[in-house]
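Peer 1: Contents of entry.txt (compact mmCIF, C-alpha atoms and all ligand atoms):
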# COMPACT_ATOMS: atom_id res chain seq x y z
CA MET U 2 -132.33 7.66 50.46
CA LYS U 3 -128.84 6.85 49.37
CA ILE U 4 -125.97 8.77 47.84
CA ILE U 5 -124.18 7.18 44.92
CA CYS U 6 -120.89 8.66 43.77
CA ILE U 7 -119.04 8.15 40.53
CA GLY U 8 -115.26 8.03 40.77
CA ARG U 9 -112.84 9.21 38.08
CA ASN U 10 -115.34 10.69 35.65
CA TYR U 11 -113.05 13.49 34.45
CA ALA U 12 -109.80 12.43 32.77
CA ASP U 13 -107.81 15.35 34.26
CA HIS U 14 -108.72 14.21 37.80
CA ALA U 15 -107.92 10.54 37.04
CA ARG U 16 -104.49 11.73 35.89
CA GLU U 17 -103.86 13.82 39.00
CA MET U 18 -104.73 10.76 41.11
CA LYS U 19 -102.38 8.66 38.97
CA SER U 20 -105.37 6.40 38.28
CA ALA U 21 -106.23 4.78 34.97
CA VAL U 22 -109.06 6.40 33.00
CA PRO U 23 -111.88 3.90 33.49
CA THR U 24 -113.63 2.06 30.67
CA VAL U 25 -116.79 1.49 32.73
CA PRO U 26 -118.05 3.82 35.49
CA VAL U 27 -116.71 3.24 39.02
CA PHE U 28 -119.19 3.93 41.79
CA PHE U 29 -119.45 3.79 45.56
CA ILE U 30 -122.19 4.64 48.06
CA LYS U 31 -122.32 7.05 50.99
CA PRO U 32 -124.97 6.54 53.70
CA ASP U 33 -127.72 9.10 54.29
CA THR U 34 -125.87 10.23 57.41
CA ALA U 35 -123.23 11.76 55.11
CA LEU U 36 -125.72 14.36 53.85
CA VAL U 37 -125.44 18.02 54.89
CA THR U 38 -127.81 20.69 53.59
CA GLY U 39 -128.54 24.36 54.13
CA ASN U 40 -124.95 25.64 54.04
CA ARG U 41 -124.28 24.15 57.46
CA PRO U 42 -120.58 24.02 58.34
CA PHE U 43 -118.46 20.99 57.55
CA PHE U 44 -116.77 19.66 60.69
CA LEU U 45 -113.34 18.14 60.07
CA PRO U 46 -113.29 14.56 61.39
CA ASP U 47 -110.67 13.68 64.02
CA PHE U 48 -109.55 10.49 62.25
CA SER U 49 -107.97 12.12 59.21
CA LYS U 50 -105.12 14.57 58.72
CA GLU U 51 -105.91 15.17 55.06
CA VAL U 52 -109.52 15.78 54.05
CA HIS U 53 -109.89 16.84 50.41
CA HIS U 54 -112.65 18.73 48.63
CA GLU U 55 -114.09 17.22 45.44
CA VAL U 56 -116.74 19.48 43.89
CA GLU U 57 -119.31 17.57 41.82
CA VAL U 58 -122.55 18.08 39.92
CA VAL U 59 -125.28 16.12 41.72
CA LEU U 60 -128.42 14.62 40.15
CA ARG U 61 -131.57 14.08 42.18
CA ILE U 62 -133.46 10.98 41.10
CA SER U 63 -137.13 11.79 40.45
CA ARG U 64 -138.48 8.38 39.46
CA GLU U 65 -137.72 4.87 40.68
CA GLY U 66 -136.10 2.50 38.25
CA SER U 67 -133.86 -0.49 37.83
CA ARG U 68 -132.11 -1.56 34.64
CA ILE U 69 -132.92 1.83 33.13
CA PRO U 70 -131.94 2.00 29.44
CA GLU U 71 -129.72 4.96 28.66
CA ALA U 72 -132.39 6.38 26.34
CA ASP U 73 -134.90 6.45 29.23
CA ALA U 74 -132.49 7.94 31.78
CA PRO U 75 -133.55 11.58 31.17
CA GLY U 76 -136.98 10.66 32.59
CA HIS U 77 -135.40 9.73 35.92
CA PHE U 78 -133.91 13.05 37.02
CA ARG U 79 -135.46 16.50 36.90
CA LYS U 80 -133.26 18.54 39.22
CA ILE U 81 -129.57 19.08 39.67
CA GLY U 82 -127.40 20.67 42.30
CA LEU U 83 -123.79 20.92 43.36
CA GLY U 84 -122.07 19.07 46.20
CA VAL U 85 -118.74 18.23 47.72
CA ASP U 86 -117.59 14.61 47.97
CA PHE U 87 -115.34 15.10 51.00
CA THR U 88 -112.63 12.45 51.05
CA ALA U 89 -110.21 11.46 53.80
CA ARG U 90 -107.37 11.13 51.31
CA ASP U 91 -104.88 9.67 53.78
CA LEU U 92 -107.30 6.88 54.72
CA GLN U 93 -108.24 6.35 51.08
CA HIS U 94 -104.57 5.81 50.14
CA GLU U 95 -104.16 3.40 53.02
CA MET U 96 -107.24 1.41 52.02
CA LYS U 97 -106.26 1.39 48.34
CA GLU U 98 -102.80 0.07 49.20
CA LYS U 99 -104.34 -2.74 51.22
CA GLY U 100 -106.89 -3.44 48.48
CA LEU U 101 -109.70 -2.74 50.97
CA PRO U 102 -113.01 -0.86 50.51
CA TRP U 103 -112.97 2.94 50.89
CA GLU U 104 -116.01 3.50 53.10
CA ILE U 105 -114.14 5.06 56.03
CA ALA U 106 -112.51 7.53 53.63
CA LYS U 107 -115.67 8.43 51.73
CA GLY U 108 -118.78 7.57 53.73
CA PHE U 109 -118.13 9.24 57.04
CA ASP U 110 -120.69 11.53 58.73
CA HIS U 111 -121.23 14.89 56.98
CA SER U 112 -118.99 13.93 54.03
CA ALA U 113 -121.62 14.94 51.45
CA PRO U 114 -122.78 18.56 51.67
CA VAL U 115 -125.14 19.52 48.86
CA SER U 116 -126.69 22.72 47.59
CA ARG U 117 -130.32 23.39 46.85
CA PHE U 118 -131.58 21.61 43.75
CA PHE U 119 -132.91 23.45 40.71
CA SER U 120 -134.91 22.34 37.72
CA LEU U 121 -132.79 21.36 34.72
CA LYS U 122 -134.61 24.02 32.71
CA ARG U 123 -132.80 26.69 34.65
CA PHE U 124 -129.43 25.60 33.30
CA GLY U 125 -129.87 25.30 29.53
CA ASP U 126 -127.65 22.60 28.03
CA ILE U 127 -126.66 20.31 30.89
CA ARG U 128 -124.12 18.60 28.63
CA ASN U 129 -122.13 21.82 28.54
CA LEU U 130 -122.45 23.20 32.04
CA SER U 131 -119.57 24.83 33.85
CA PHE U 132 -119.04 24.59 37.58
CA ARG U 133 -116.36 25.59 40.03
CA LEU U 134 -115.28 25.64 43.63
CA ASP U 135 -113.78 28.69 45.33
CA LEU U 136 -111.68 28.20 48.47
CA ASN U 137 -111.34 31.39 50.51
CA GLY U 138 -112.23 33.42 47.43
CA ALA U 139 -109.77 31.76 45.00
CA THR U 140 -110.94 29.25 42.40
CA VAL U 141 -109.41 25.82 43.10
CA GLN U 142 -111.52 23.51 40.89
CA GLU U 143 -113.12 24.24 37.55
CA GLY U 144 -115.01 21.80 35.40
CA ASN U 145 -117.52 21.50 32.61
CA THR U 146 -119.91 18.60 32.20
CA SER U 147 -118.72 18.32 28.57
CA GLY U 148 -115.54 16.83 30.09
CA MET U 149 -117.31 13.87 31.70
CA ILE U 150 -116.10 10.46 30.55
CA PHE U 151 -119.57 8.98 31.24
CA SER U 152 -122.68 11.09 30.62
CA PHE U 153 -125.45 11.54 33.19
CA GLU U 154 -127.54 9.07 31.17
CA ALA U 155 -124.74 6.48 30.96
CA ILE U 156 -124.18 6.76 34.72
CA ILE U 157 -127.87 6.20 35.51
CA ALA U 158 -128.05 3.24 33.13
CA TYR U 159 -124.92 1.66 34.61
CA ILE U 160 -125.75 2.14 38.32
CA SER U 161 -129.31 0.87 37.84
CA ARG U 162 -128.05 -2.42 36.40
CA PHE U 163 -126.90 -3.24 39.93
CA VAL U 164 -128.81 -0.95 42.32
CA THR U 165 -132.41 0.26 42.09
CA LEU U 166 -132.54 4.03 42.00
CA ARG U 167 -135.33 5.57 44.05
CA ARG U 168 -136.90 8.98 44.14
CA GLY U 169 -134.76 11.29 46.28
CA ASP U 170 -131.53 9.37 45.79
CA LEU U 171 -128.57 11.59 44.92
CA VAL U 172 -125.92 10.82 42.33
CA PHE U 173 -122.56 12.61 42.56
CA THR U 174 -121.17 12.60 39.04
CA GLY U 175 -117.42 12.96 39.56
CA THR U 176 -114.90 15.70 40.21
CA PRO U 177 -112.57 17.57 37.86
CA ALA U 178 -108.89 18.22 38.63
CA GLY U 179 -107.78 20.49 41.44
CA VAL U 180 -108.77 18.46 44.52
CA GLY U 181 -106.91 19.48 47.64
CA PRO U 182 -107.02 19.74 51.42
CA VAL U 183 -109.38 21.83 53.51
CA ASN U 184 -108.51 23.38 56.85
CA LYS U 185 -110.39 24.79 59.81
CA GLY U 186 -111.71 28.25 59.00
CA ASP U 187 -111.84 27.72 55.23
CA ARG U 188 -114.81 29.03 53.27
CA LEU U 189 -116.10 26.97 50.33
CA GLU U 190 -118.31 28.49 47.64
CA GLY U 191 -119.69 26.48 44.72
CA PHE U 192 -121.05 27.77 41.41
CA LEU U 193 -122.99 25.92 38.74
CA GLY U 194 -123.79 27.54 35.40
CA GLY U 195 -123.06 30.92 36.97
CA ILE U 196 -125.46 30.36 39.89
CA ARG U 197 -123.99 30.49 43.37
CA MET U 198 -125.09 27.16 44.80
CA PHE U 199 -123.50 26.85 48.22
CA ASP U 200 -121.37 28.80 50.65
CA PHE U 201 -120.24 27.15 53.87
CA LYS U 202 -117.36 27.06 56.32
CA VAL U 203 -115.04 24.32 57.50
CA GLU U 204 -114.87 23.97 61.28
MG MG O 1 -115.62 12.19 44.04
Could you write out this structure as structure tokens?
Peer 2:
Amino acid sequence: MKIICIGRNYADHAREMKSAVPTVPVFFIKPDTALVTGNRPFFLPDFSKEVHHEVEVVLRISREGSRIPEADAPGHFRKIGLGVDFTARDLQHEMKEKGLPWEIAKGFDHSAPVSRFFSLKRFGDIRNLSFRLDLNGATVQEGNTSGMIFSFEAIIAYISRFVTLRRGDLVFTGTPAGVGPVNKGDRLEGFLGGIRMFDFKVE
């Protein structure tokens, strides 16, 4: 399986990163070794001094497809969850300045913890779904899928023009504003549509 992540899909986050609001989706891929499940702790890597949390709604692909028309995209995911796109922000800035790819900042081991996945039915209208991240009991990121620049369907259509999506692949759909650093001992709790989705520690 692979993990595909959309960058800058919420205008408030694009602004806080001083990035332009994109006119087509921007995506990158994390390897399967980035995945963490079961509320296992996130271990801070030794090569970064500034690892940021980015809480994101995650789609699980349920049916293989390439060049999926937007109208058919709802048939390709049946479950959603919540994850954190951990980012070594210092390395990302360095790579961006040099015009180089971001993999070391985004694709490192354990950089993609995800919650359990639930059927879409459980959440009602997924186009108007709130989510948030609490850091040590205080809310640091709050978003609603109604604020996405590119819809779930548009994302699936766009990615699959270039990359075949397979059953079990995960799609991180972008983070809202409020990204910031995590430190040893922090506790991260994620909520989606009022359901507590994950709860893990940073070590
Ligand atoms: Mg992200």
Peer 1: Using only C-alpha atoms and all ligand atoms, which of U:Trp103, U:Phe173, U:Phe78, U:Phe118 sits nearest ligand MG 1 (chain O)?
Peer 2: U:Phe173
Peer 1: Which residue, U:His111, U:Lys19, U:Arg79, U:His94, has the smallest gap to Ser63 in chain U when you use all atoms listed in the file?
Peer 2: U:Arg79
Peer 1: Which polymer residues, protein or nucleic acid, are no farther than 7 Å from (-130.3, 12.1, 42.5), counting all atoms listed in the file, as a PDB file with C-alpha atoms, in the frame of the given file?
Peer 2:
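The result, stored in result.pdb:
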ATOM      1  CA  VAL U  59    -125.280  16.120  41.720  1.00  0.00           C
ATOM      2  CA  LEU U  60    -128.420  14.620  40.150  1.00  0.00           C
ATOM      3  CA  ARG U  61    -131.570  14.080  42.180  1.00  0.00           C
ATOM      4  CA  ILE U  62    -133.460  10.980  41.100  1.00  0.00           C
ATOM      5  CA  PHE U  78    -133.910  13.050  37.020  1.00  0.00           C
ATOM      6  CA  GLY U 169    -134.760  11.290  46.280  1.00  0.00           C
ATOM      7  CA  ASP U 170    -131.530   9.370  45.790  1.00  0.00           C
ATOM      8  CA  LEU U 171    -128.570  11.590  44.920  1.00  0.00           C
ATOM      9  CA  VAL U 172    -125.920  10.820  42.330  1.00  0.00           C
TER      10      VAL U 172
END
Peer 1: Please work out which residues fall within 7 Å of (-114.1, 10.2, 58.1), coordinates as given in the file, with only C-alpha atoms counting, and return them as a count of residues only.
Peer 2: 10
Peer 1: Compare U:Leu83, U:Leu101, U:Ala74, U:Ala178 by their minimum atom-to-atom distance to Glu190 in chain U, counting all atoms listed in the file, and give me the closest one.
Peer 2: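 Counting all atoms listed in the file, the residue closest to Glu190 in chain U is U:Leu83.
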Peer 1: Which residues come within 9 Å of Leu45 in chain U, counting all atoms listed in the file, excluding same-chain residues fewer than 6 positions away, as a list in words?
Peer 2: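 Those residues are Val52, Val183, Asn184, Lys185, Val203 and Glu204 of chain U.
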Peer 1: By how many Å are CA of Phe124 in chain U and CA of Glu57 in chain U apart?
Peer 2: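 CA of Glu57 in chain U lies 15.5 Å from CA of Phe124 in chain U.
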Peer 1: Using all atoms listed in the file, which of the listed residues (U:Val164, U:Met149, U:Ala72, U:Ile7) sits closest to ligand MG 1 (chain O)?
Peer 2: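 Distance minimum relative to ligand MG 1 (chain O) lands on U:Ile7.
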Peer 1: Given all atoms listed in the file as the basis, pick out the residue of U:Arg168, U:Arg90, U:Arg133, U:Arg9 nearest to Gly76 in chain U.
Peer 2: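 Comparing U:Arg168, U:Arg90, U:Arg133, U:Arg9 against Gly76 in chain U, the winner is U:Arg168.
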Peer 1: Any idea what the distance is between CA of Ile81 in chain U and CA of Ser147 in chain U?
Peer 2: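 So the answer is 15.5 Å.
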Peer 1: Which residue out of U:Thr88, U:Ser20, U:Gln142, U:Asn137 has the minimum interatomic distance to ligand MG 1 (chain O) when all atoms listed in the file are used?
Peer 2: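 Of U:Thr88, U:Ser20, U:Gln142, U:Asn137, the one nearest ligand MG 1 (chain O), counting all atoms listed in the file, is U:Thr88.
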